[in-house]
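> This is the content of final12.cif (mmCIF, C-alpha atoms and all ligand atoms):
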data_upload
#
loop_
_atom_site.group_PDB
_atom_site.id
_atom_site.type_symbol
_atom_site.label_atom_id
_atom_site.label_comp_id
_atom_site.auth_asym_id
_atom_site.auth_seq_id
_atom_site.Cartn_x
_atom_site.Cartn_y
_atom_site.Cartn_z
ATOM 1 C CA MET A 6 -2.369 -14.525 -16.542
ATOM 2 C CA PRO A 7 -2.278 -15.097 -12.785
ATOM 3 C CA PHE A 8 -0.470 -12.937 -10.259
ATOM 4 C CA ASP A 9 2.683 -14.768 -9.192
ATOM 5 C CA VAL A 10 5.559 -14.366 -6.736
ATOM 6 C CA LYS A 11 7.782 -12.903 -9.467
ATOM 7 C CA MET A 12 5.234 -10.151 -10.142
ATOM 8 C CA ALA A 13 4.876 -9.540 -6.402
ATOM 9 C CA ILE A 14 8.648 -9.007 -6.137
ATOM 10 C CA SER A 15 8.683 -6.767 -9.200
ATOM 11 C CA ALA A 16 5.887 -4.658 -7.661
ATOM 12 C CA LEU A 17 7.923 -4.237 -4.456
ATOM 13 C CA ARG A 18 10.998 -3.155 -6.459
ATOM 14 C CA GLN A 19 8.912 -0.619 -8.367
ATOM 15 C CA PHE A 20 7.384 0.603 -5.106
ATOM 16 C CA ASN A 21 10.837 1.123 -3.594
ATOM 17 C CA ALA A 22 11.940 3.105 -6.668
ATOM 18 C CA LEU A 23 8.786 5.236 -6.675
ATOM 19 C CA ILE A 24 9.060 5.962 -2.942
ATOM 20 C CA GLU A 25 12.693 6.979 -3.492
ATOM 21 C CA GLU A 26 11.560 9.328 -6.284
ATOM 22 C CA LYS A 27 8.647 10.757 -4.268
ATOM 23 C CA LYS A 28 10.119 10.831 -0.774
ATOM 24 C CA GLU A 29 10.373 14.631 -0.634
ATOM 25 C CA PHE A 30 6.817 15.005 -1.934
ATOM 26 C CA LEU A 31 5.505 12.549 0.687
ATOM 27 C CA THR A 32 7.428 14.358 3.380
ATOM 28 C CA ASP A 33 6.006 17.703 2.209
ATOM 29 C CA LEU A 34 2.475 16.270 2.380
ATOM 30 C CA ASP A 35 3.197 15.025 5.914
ATOM 31 C CA ALA A 36 4.737 18.401 6.845
ATOM 32 C CA ALA A 37 1.394 20.070 6.087
ATOM 33 C CA ILE A 38 -0.726 17.896 8.389
ATOM 34 C CA GLY A 39 1.678 15.690 10.369
ATOM 35 C CA ASP A 40 5.339 15.571 11.369
ATOM 36 C CA ALA A 41 7.111 15.492 8.000
ATOM 37 C CA ASP A 42 8.484 11.957 8.243
ATOM 38 C CA HIS A 43 6.291 9.783 5.992
ATOM 39 C CA GLY A 44 8.617 9.926 2.959
ATOM 40 C CA ILE A 45 11.697 9.279 5.107
ATOM 41 C CA ASN A 46 9.985 6.418 6.986
ATOM 42 C CA MET A 47 8.746 4.673 3.842
ATOM 43 C CA ASN A 48 12.042 5.190 2.008
ATOM 44 C CA ARG A 49 14.066 3.696 4.867
ATOM 45 C CA GLY A 50 11.692 0.740 5.163
ATOM 46 C CA MET A 51 11.391 -0.107 1.485
ATOM 47 C CA LYS A 52 15.162 0.055 0.980
ATOM 48 C CA ARG A 53 15.547 -2.542 3.713
ATOM 49 C CA VAL A 54 12.796 -4.672 2.168
ATOM 50 C CA ILE A 55 14.720 -4.750 -1.113
ATOM 51 C CA GLU A 56 17.991 -5.601 0.652
ATOM 52 C CA LYS A 57 16.177 -8.503 2.276
ATOM 53 C CA LEU A 58 14.650 -9.677 -1.026
ATOM 54 C CA ASN A 59 18.055 -9.533 -2.703
ATOM 55 C CA SER A 60 19.495 -11.910 -0.125
ATOM 56 C CA LYS A 61 16.882 -14.658 -0.517
ATOM 57 C CA GLU A 62 14.792 -16.727 -2.922
ATOM 58 C CA TYR A 63 11.037 -16.902 -2.398
ATOM 59 C CA ALA A 64 8.973 -19.896 -3.417
ATOM 60 C CA ASP A 65 5.588 -18.664 -2.177
ATOM 61 C CA PHE A 66 3.639 -15.571 -1.119
ATOM 62 C CA SER A 67 3.579 -16.375 2.585
ATOM 63 C CA ALA A 68 7.381 -16.366 2.943
ATOM 64 C CA LEU A 69 7.715 -13.231 0.805
ATOM 65 C CA TYR A 70 5.048 -11.141 2.491
ATOM 66 C CA LEU A 71 6.045 -12.305 5.977
ATOM 67 C CA ASP A 72 9.552 -10.912 5.383
ATOM 68 C CA VAL A 73 8.095 -7.706 3.935
ATOM 69 C CA ALA A 74 5.726 -7.342 6.899
ATOM 70 C CA MET A 75 8.407 -7.914 9.536
ATOM 71 C CA THR A 76 10.819 -5.492 7.851
ATOM 72 C CA VAL A 77 8.194 -2.795 7.331
ATOM 73 C CA MET A 78 6.954 -3.108 10.925
ATOM 74 C CA SER A 79 10.395 -2.804 12.420
ATOM 75 C CA VAL A 80 12.002 -0.291 10.048
ATOM 76 C CA VAL A 81 9.280 2.114 8.830
ATOM 77 C CA GLY A 82 8.168 3.126 12.325
ATOM 78 C CA GLY A 83 5.497 5.740 13.039
ATOM 79 C CA SER A 84 1.902 4.747 12.371
ATOM 80 C CA ALA A 85 2.499 3.664 8.808
ATOM 81 C CA GLY A 86 4.993 0.907 9.783
ATOM 82 C CA PRO A 87 2.619 -1.233 11.849
ATOM 83 C CA LEU A 88 -0.289 -0.470 9.481
ATOM 84 C CA TYR A 89 1.515 -1.443 6.267
ATOM 85 C CA GLY A 90 3.134 -4.306 8.177
ATOM 86 C CA THR A 91 -0.291 -5.644 9.096
ATOM 87 C CA PHE A 92 -1.481 -5.245 5.517
ATOM 88 C CA PHE A 93 1.377 -7.386 4.166
ATOM 89 C CA MET A 94 1.112 -9.878 7.016
ATOM 90 C CA LYS A 95 -2.587 -10.559 6.350
ATOM 91 C CA LEU A 96 -1.989 -10.646 2.607
ATOM 92 C CA GLY A 97 0.680 -13.317 3.083
ATOM 93 C CA GLN A 98 -1.449 -15.329 5.494
ATOM 94 C CA LYS A 99 -4.363 -15.363 3.104
ATOM 95 C CA LEU A 100 -2.324 -16.196 -0.020
ATOM 96 C CA SER A 101 -0.374 -18.724 2.069
ATOM 97 C CA GLU A 102 1.772 -21.240 0.224
ATOM 98 C CA SER A 103 0.484 -20.530 -3.260
ATOM 99 C CA GLU A 104 2.901 -19.391 -5.965
ATOM 100 C CA GLU A 105 0.274 -17.805 -8.181
ATOM 101 C CA VAL A 106 -3.296 -16.607 -7.731
ATOM 102 C CA SER A 107 -6.134 -15.149 -9.792
ATOM 103 C CA VAL A 108 -7.196 -11.516 -9.598
ATOM 104 C CA GLY A 109 -10.190 -12.586 -7.504
ATOM 105 C CA GLU A 110 -7.980 -14.407 -4.999
ATOM 106 C CA LEU A 111 -5.528 -11.524 -4.826
ATOM 107 C CA ALA A 112 -8.343 -9.017 -4.341
ATOM 108 C CA GLY A 113 -9.862 -11.181 -1.588
ATOM 109 C CA ALA A 114 -6.492 -11.380 0.190
ATOM 110 C CA MET A 115 -6.090 -7.615 -0.072
ATOM 111 C CA GLN A 116 -9.484 -7.206 1.533
ATOM 112 C CA GLU A 117 -8.124 -9.210 4.507
ATOM 113 C CA GLY A 118 -5.118 -6.897 4.587
ATOM 114 C CA LEU A 119 -7.381 -3.862 4.579
ATOM 115 C CA ASN A 120 -9.519 -5.327 7.360
ATOM 116 C CA GLY A 121 -6.343 -5.735 9.404
ATOM 117 C CA VAL A 122 -5.362 -2.093 8.807
ATOM 118 C CA MET A 123 -8.820 -0.836 9.763
ATOM 119 C CA SER A 124 -8.979 -2.893 12.911
ATOM 120 C CA LEU A 125 -5.467 -1.929 14.071
ATOM 121 C CA GLY A 126 -6.000 1.735 13.157
ATOM 122 C CA LYS A 127 -9.627 1.834 14.334
ATOM 123 C CA SER A 128 -10.150 3.632 11.050
ATOM 124 C CA ALA A 129 -12.902 3.690 8.463
ATOM 125 C CA VAL A 130 -13.477 5.189 5.035
ATOM 126 C CA GLY A 131 -13.709 8.978 5.337
ATOM 127 C CA ASP A 132 -11.179 9.351 8.184
ATOM 128 C CA LYS A 133 -8.541 10.739 5.754
ATOM 129 C CA THR A 134 -6.023 7.886 5.873
ATOM 130 C CA MET A 135 -4.539 5.185 3.643
ATOM 131 C CA VAL A 136 -7.889 3.399 4.074
ATOM 132 C CA ASP A 137 -9.454 5.976 1.738
ATOM 133 C CA THR A 138 -7.190 4.757 -1.059
ATOM 134 C CA LEU A 139 -7.194 1.048 -0.232
ATOM 135 C CA ALA A 140 -10.927 0.536 0.335
ATOM 136 C CA PRO A 141 -12.349 1.880 -2.952
ATOM 137 C CA ALA A 142 -9.441 0.374 -4.905
ATOM 138 C CA ILE A 143 -9.906 -3.102 -3.475
ATOM 139 C CA LYS A 144 -13.646 -2.854 -3.983
ATOM 140 C CA ALA A 145 -13.150 -1.930 -7.651
ATOM 141 C CA PHE A 146 -10.608 -4.748 -8.046
ATOM 142 C CA ARG A 147 -13.035 -7.287 -6.572
ATOM 143 C CA ASP A 148 -15.986 -5.955 -8.560
ATOM 144 C CA ASN A 149 -14.014 -6.364 -11.806
ATOM 145 C CA ALA A 150 -12.292 -9.646 -10.912
ATOM 146 C CA ASP A 151 -14.434 -11.754 -13.233
ATOM 147 C CA GLY A 152 -13.945 -9.579 -16.324
ATOM 148 C CA PRO A 153 -10.845 -9.050 -18.483
ATOM 149 C CA GLU A 154 -7.766 -8.818 -16.255
ATOM 150 C CA GLU A 155 -6.526 -5.593 -17.744
ATOM 151 C CA ASP A 156 -9.824 -3.913 -16.887
ATOM 152 C CA ALA A 157 -9.609 -5.162 -13.294
ATOM 153 C CA TRP A 158 -6.058 -3.818 -12.865
ATOM 154 C CA ASN A 159 -7.023 -0.486 -14.407
ATOM 155 C CA ALA A 160 -10.122 -0.186 -12.227
ATOM 156 C CA PHE A 161 -7.939 -0.986 -9.197
ATOM 157 C CA ALA A 162 -5.390 1.758 -9.928
ATOM 158 C CA ASN A 163 -7.964 4.337 -11.080
ATOM 159 C CA ALA A 164 -10.060 3.899 -7.937
ATOM 160 C CA ALA A 165 -6.899 4.186 -5.821
ATOM 161 C CA GLU A 166 -5.992 7.476 -7.492
ATOM 162 C CA GLN A 167 -9.494 8.827 -7.012
ATOM 163 C CA GLY A 168 -9.525 7.658 -3.370
ATOM 164 C CA MET A 169 -6.228 9.438 -2.747
ATOM 165 C CA LYS A 170 -7.531 12.685 -4.252
ATOM 166 C CA ASP A 171 -10.768 12.385 -2.299
ATOM 167 C CA THR A 172 -8.780 12.763 0.951
ATOM 168 C CA ILE A 173 -8.026 16.431 0.087
ATOM 169 C CA PRO A 174 -11.322 17.925 1.354
ATOM 170 C CA MET A 175 -11.614 15.472 4.277
ATOM 171 C CA LEU A 176 -11.233 16.318 7.953
ATOM 172 C CA ALA A 177 -8.658 13.992 9.550
ATOM 173 C CA ARG A 178 -10.117 11.745 12.236
ATOM 174 C CA ARG A 179 -7.245 9.331 12.832
ATOM 175 C CA GLY A 180 -3.501 9.549 13.350
ATOM 176 C CA ARG A 181 -1.347 12.595 13.907
ATOM 177 C CA SER A 182 -3.167 14.747 11.337
ATOM 178 C CA SER A 183 -6.347 14.532 13.435
ATOM 179 C CA TYR A 184 -4.625 16.885 15.924
ATOM 180 C CA GLN A 185 -4.833 19.538 13.194
ATOM 181 C CA GLY A 186 -8.629 19.489 13.234
ATOM 182 C CA GLU A 187 -10.055 21.799 10.573
ATOM 183 C CA ARG A 188 -6.558 22.698 9.389
ATOM 184 C CA SER A 189 -6.240 19.201 7.935
ATOM 185 C CA ILE A 190 -8.870 20.120 5.332
ATOM 186 C CA GLY A 191 -7.460 20.947 1.885
ATOM 187 C CA HIS A 192 -4.386 18.682 2.093
ATOM 188 C CA GLN A 193 -3.893 15.266 0.519
ATOM 189 C CA ASP A 194 -3.154 12.562 3.070
ATOM 190 C CA PRO A 195 0.429 11.221 2.878
ATOM 191 C CA GLY A 196 -0.504 7.608 3.677
ATOM 192 C CA ALA A 197 -3.316 7.674 1.104
ATOM 193 C CA THR A 198 -0.678 8.861 -1.371
ATOM 194 C CA SER A 199 1.852 6.106 -0.606
ATOM 195 C CA ALA A 200 -0.990 3.554 -0.785
ATOM 196 C CA PHE A 201 -1.790 4.824 -4.302
ATOM 197 C CA TYR A 202 1.894 4.330 -5.208
ATOM 198 C CA LEU A 203 1.778 0.764 -3.904
ATOM 199 C CA ILE A 204 -1.290 -0.028 -5.990
ATOM 200 C CA SER A 205 0.092 1.598 -9.122
ATOM 201 C CA CYS A 206 3.248 -0.501 -8.733
ATOM 202 C CA LEU A 207 1.184 -3.674 -8.409
ATOM 203 C CA ARG A 208 -0.561 -2.697 -11.628
ATOM 204 C CA GLY A 209 2.863 -1.885 -13.094
ATOM 205 C CA ALA A 210 4.023 -5.433 -12.379
ATOM 206 C CA PHE A 211 1.000 -6.733 -14.302
ATOM 207 C CA THR A 212 1.581 -4.365 -17.234
ATOM 208 C CA GLU A 213 5.288 -5.211 -17.674
ATOM 209 C CA ARG A 214 5.008 -8.958 -17.118
HETATM 210 P P1 LIG A 301 3.148 9.127 11.831
HETATM 211 O O1 LIG A 301 1.768 9.653 11.642
HETATM 212 O O2 LIG A 301 3.288 8.303 13.074
HETATM 213 O O3 LIG A 301 4.184 10.193 11.692
HETATM 214 P P2 LIG A 301 3.643 8.371 9.087
HETATM 215 O O4 LIG A 301 3.866 9.817 8.851
HETATM 216 O O5 LIG A 301 4.692 7.451 8.558
HETATM 217 O O6 LIG A 301 3.398 8.077 10.628
HETATM 218 O O7 LIG A 301 2.262 7.911 8.417
HETATM 219 C C1 LIG A 301 1.131 8.751 8.447
HETATM 220 C C2 LIG A 301 0.020 8.096 7.632
HETATM 221 O O8 LIG A 301 -0.426 6.905 8.281
HETATM 222 C C3 LIG A 301 -1.207 8.961 7.531
HETATM 223 O O9 LIG A 301 -1.106 9.840 6.424
HETATM 224 C C4 LIG A 301 -2.344 7.971 7.381
HETATM 225 O O10 LIG A 301 -2.615 7.668 6.028
HETATM 226 C C5 LIG A 301 -1.807 6.735 8.055
HETATM 227 N N1 LIG A 301 -2.482 6.550 9.336
HETATM 228 C C6 LIG A 301 -2.186 7.132 10.521
HETATM 229 N N2 LIG A 301 -3.013 6.701 11.498
HETATM 230 C C7 LIG A 301 -3.859 5.818 10.902
HETATM 231 C C8 LIG A 301 -4.948 5.010 11.366
HETATM 232 N N3 LIG A 301 -5.342 5.030 12.648
HETATM 233 N N4 LIG A 301 -5.582 4.211 10.461
HETATM 234 C C9 LIG A 301 -5.190 4.170 9.176
HETATM 235 N N5 LIG A 301 -4.172 4.899 8.685
HETATM 236 C C10 LIG A 301 -3.521 5.726 9.529
HETATM 237 MG MG MG A 302 4.397 11.367 10.032
#
Could you show the structure in this file as structure tokens?
Ligand code: ADP
Ligand code: MG

Amino acid sequence: MPFDVKMAISALRQFNALIEEKKEFLTDLDAAIGDADHGINMNRGMKRVIEKLNSKEYADFSALYLDVAMTVMSVVGGSAGPLYGTFFMKLGQKLSESEEVSVGELAGAMQEGLNGVMSLGKSAVGDKTMVDTLAPAIKAFRDNADGPEEDAWNAFANAAEQGMKDTIPMLARRGRSSYQGERSIGHQDPGATSAFYLISCLRGAFTER
């Protein structure tokens, strides 16, 4: 069962709904170590993404993820907007005009997206950012790409959850939370949390297909 454009759209709808449900929680996480806007930013951006998707038909990944990237970049704002925007942009470029891809191809494209995030954010694993969710998750997804698909999707989401939780004891080295220094320790990173939501919604699209 390949990953197709329909599943990609379903994942984005689920992500919008989950962000809507968790916006206060995300904002509370950002209040502890940032400026309390991550939930609001992501909620505003994902709502606009869905409005856009509702107004168009998408035949391939590149058109879909280009629209998502442009909307997220211009509407989410803050640091997360350009970072998530870059992630979706690179994902779309790599998947290009295909309508469906294997887990291995999807995981490889996500690695490109992650590389884009890390290079724009000058961030690495351990800096207490969304990278700490994305990197181990994508690695687990790639490592399991040749086995049963369900195992790959589960490994992807489980590693994302663990990566998110692993940000709690970290000292923030990038973004606004780095201004908190030692006070950033003991709080879960908001962007690592929204990145876990994104990955669980991608897995959700696989599960419900
Ligand atoms: P802002 O920090 O501008 O208020 P948001 O609150 O929307 O933006 O997003 C904050 C999240 O963005 C952080 O929790 C972190 O995960 C992510 N982030 C910030 N800076 C970077 C960076 N340089 N590299 C990777 N991720 C980052
Ligand atoms: Mg913020």
> Residues within 6 Å of ligand MG 302 (chain A) (only C-alpha atoms and all ligand atoms), as a list of chain:residue names?
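Result of the 6 Å neighbour search around ligand MG 302 (chain A): A:Asp35, A:Gly39, A:Asp40, A:Ala41, A:Asp42, A:His43.
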> As an exercise, work out the distance from atom CA of Gly97 of chain A to atom CA of Glu166 of chain A in Å and give it to one decimal place.
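Computed distance, atom CA of Gly97 of chain A to atom CA of Glu166 of chain A, equals 24.3 Å.
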> Applying 12 Å and only C-alpha atoms, which residues near segment 179-191 of chain A remain after dropping the ones on its own chain fewer than 2 positions away? List them as JSON, numbers by chain.
{"A": [34, 35, 36, 37, 38, 39, 40, 41, 42, 43, 83, 84, 85, 88, 123, 125, 126, 127, 128, 129, 130, 131, 132, 133, 134, 135, 136, 137, 170, 171, 172, 173, 174, 175, 176, 177, 193, 194, 195, 196]}
> At a cut-off of 12 Å, using only C-alpha atoms, what residues contact Asp156 of chain A? Leave out same-chain residues fewer than 2 positions from it and give the result as a ChimeraX atom specification.
/A:108,145-154,158-164,208,211-212
> Residues of the last selection are to be written out with C-alpha atoms, as an mmCIF file, in the frame of the given file.

data_model
loop_
_atom_site.group_PDB
_atom_site.id
_atom_site.type_symbol
_atom_site.label_atom_id
_atom_site.label_comp_id
_atom_site.auth_asym_id
_atom_site.auth_seq_id
_atom_site.Cartn_x
_atom_site.Cartn_y
_atom_site.Cartn_z
ATOM 1 C CA VAL A 108 -7.196 -11.516 -9.598
ATOM 2 C CA ALA A 145 -13.150 -1.930 -7.651
ATOM 3 C CA PHE A 146 -10.608 -4.748 -8.046
ATOM 4 C CA ARG A 147 -13.035 -7.287 -6.572
ATOM 5 C CA ASP A 148 -15.986 -5.955 -8.560
ATOM 6 C CA ASN A 149 -14.014 -6.364 -11.806
ATOM 7 C CA ALA A 150 -12.292 -9.646 -10.912
ATOM 8 C CA ASP A 151 -14.434 -11.754 -13.233
ATOM 9 C CA GLY A 152 -13.945 -9.579 -16.324
ATOM 10 C CA PRO A 153 -10.845 -9.050 -18.483
ATOM 11 C CA GLU A 154 -7.766 -8.818 -16.255
ATOM 12 C CA TRP A 158 -6.058 -3.818 -12.865
ATOM 13 C CA ASN A 159 -7.023 -0.486 -14.407
ATOM 14 C CA ALA A 160 -10.122 -0.186 -12.227
ATOM 15 C CA PHE A 161 -7.939 -0.986 -9.197
ATOM 16 C CA ALA A 162 -5.390 1.758 -9.928
ATOM 17 C CA ASN A 163 -7.964 4.337 -11.080
ATOM 18 C CA ALA A 164 -10.060 3.899 -7.937
ATOM 19 C CA ARG A 208 -0.561 -2.697 -11.628
ATOM 20 C CA PHE A 211 1.000 -6.733 -14.302
ATOM 21 C CA THR A 212 1.581 -4.365 -17.234
#
> In Å, rounded to a single decimal, give me how far atom CA of Glu213 of chain A is from atom CA of Gly90 of chain A.
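Distance between the two atoms: 26.0 Å.
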> Name the residues that the PyMOL selection byres (((chain A and resi 110) around 10) and not hetatm) pulls out of this structure, and write them as a PyMOL selection string.
chain A and resi 7-8+99-100+105-109+111-116+147+150
> Could you save those same residues with C-alpha atoms as a short mmCIF file (atom, residue, chain, number, x, y, z; two decimals), in the frame of the given file?

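File produced: again_11.cif:
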data_model
loop_
_atom_site.label_atom_id
_atom_site.label_comp_id
_atom_site.auth_asym_id
_atom_site.auth_seq_id
_atom_site.Cartn_x
_atom_site.Cartn_y
_atom_site.Cartn_z
CA PRO A 7 -2.28 -15.10 -12.78
CA PHE A 8 -0.47 -12.94 -10.26
CA LYS A 99 -4.36 -15.36 3.10
CA LEU A 100 -2.32 -16.20 -0.02
CA GLU A 105 0.27 -17.80 -8.18
CA VAL A 106 -3.30 -16.61 -7.73
CA SER A 107 -6.13 -15.15 -9.79
CA VAL A 108 -7.20 -11.52 -9.60
CA GLY A 109 -10.19 -12.59 -7.50
CA LEU A 111 -5.53 -11.52 -4.83
CA ALA A 112 -8.34 -9.02 -4.34
CA GLY A 113 -9.86 -11.18 -1.59
CA ALA A 114 -6.49 -11.38 0.19
CA MET A 115 -6.09 -7.62 -0.07
CA GLN A 116 -9.48 -7.21 1.53
CA ARG A 147 -13.04 -7.29 -6.57
CA ALA A 150 -12.29 -9.65 -10.91
#
> In Å, how far is it from atom CA of Met169 of chain A to atom CA of Thr198 of chain A?
5.7 Å
> Counting all atoms listed in the file, which residue out of A:Val73, A:Leu139, A:Ala210, A:Val122 sits closest to ligand LIG 301 (chain A)?
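Ranking A:Val73, A:Leu139, A:Ala210, A:Val122 by distance to ligand LIG 301 (chain A), first place goes to A:Val122.
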> To test the calculation: enclose all listed atoms of ligand LIG 301 (chain A) in a box whose edges run along x, y and z, add 6 Å on each side, then state centre and edge lengths in Å to one decimal, as lines of an AutoDock Vina configuration file.

center_x = -0.4
center_y = 7.2
center_z = 9.6
size_x = 22.3
size_y = 18.0
size_z = 19.0
> Which of these residues is nearest to Ser124 of chain A, using only C-alpha atoms: A:Ile45, A:Leu17, A:Gly209, A:Lys95?
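Comparing A:Ile45, A:Leu17, A:Gly209, A:Lys95 against Ser124 of chain A, the winner is A:Lys95.
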> Can you work out which one of A:Ala157, A:Met78, A:Cys206, A:Ala16 has the shortest atom-to-atom distance to ligand LIG 301 (chain A), counting all atoms listed in the file?
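With all atoms listed in the file as the atom set, the closest residue is A:Met78.
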> Here is a test: counting all atoms listed in the file, which residue of A:Val80, A:Met12, A:Met6, A:Ala165 is nearest to Ser199 of chain A?
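Of the candidates, the smallest distance to Ser199 of chain A is held by A:Ala165.
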> Expand the PyMOL selection byres (((chain A and resi 65) around 10) and not hetatm) into the individual residues it matches in the shown file, reporting them as a list in words.
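Selection result, ordered by chain and number: Asp9, Val10, Lys11, Glu62, Tyr63, Ala64, Phe66, Ser67, Ala68, Leu69, Tyr70, Gly97, Leu100, Ser101, Glu102, Ser103, Glu104 and Glu105 of chain A.
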> Rank nothing, just name the residue among A:Ser15, A:Asn21, A:Thr138, A:Asn59 nearest to ligand LIG 301 (chain A), using all atoms listed in the file.
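With all atoms listed in the file as the atom set, the closest residue is A:Thr138.
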> Looking at all atoms listed in the file, which of A:Gly121, A:Ile14, A:Asp72, A:Tyr202 is the one that sits closest to Lys27 of chain A?
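The answer is A:Tyr202, which sits nearest to Lys27 of chain A.
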> Write out as a ChimeraX atom specification the residues lying within 10 Å of Gly86 of chain A, counting all atoms listed in the file and excluding same-chain residues fewer than 6 positions away.
/A:43,46-47,50,74-80,92
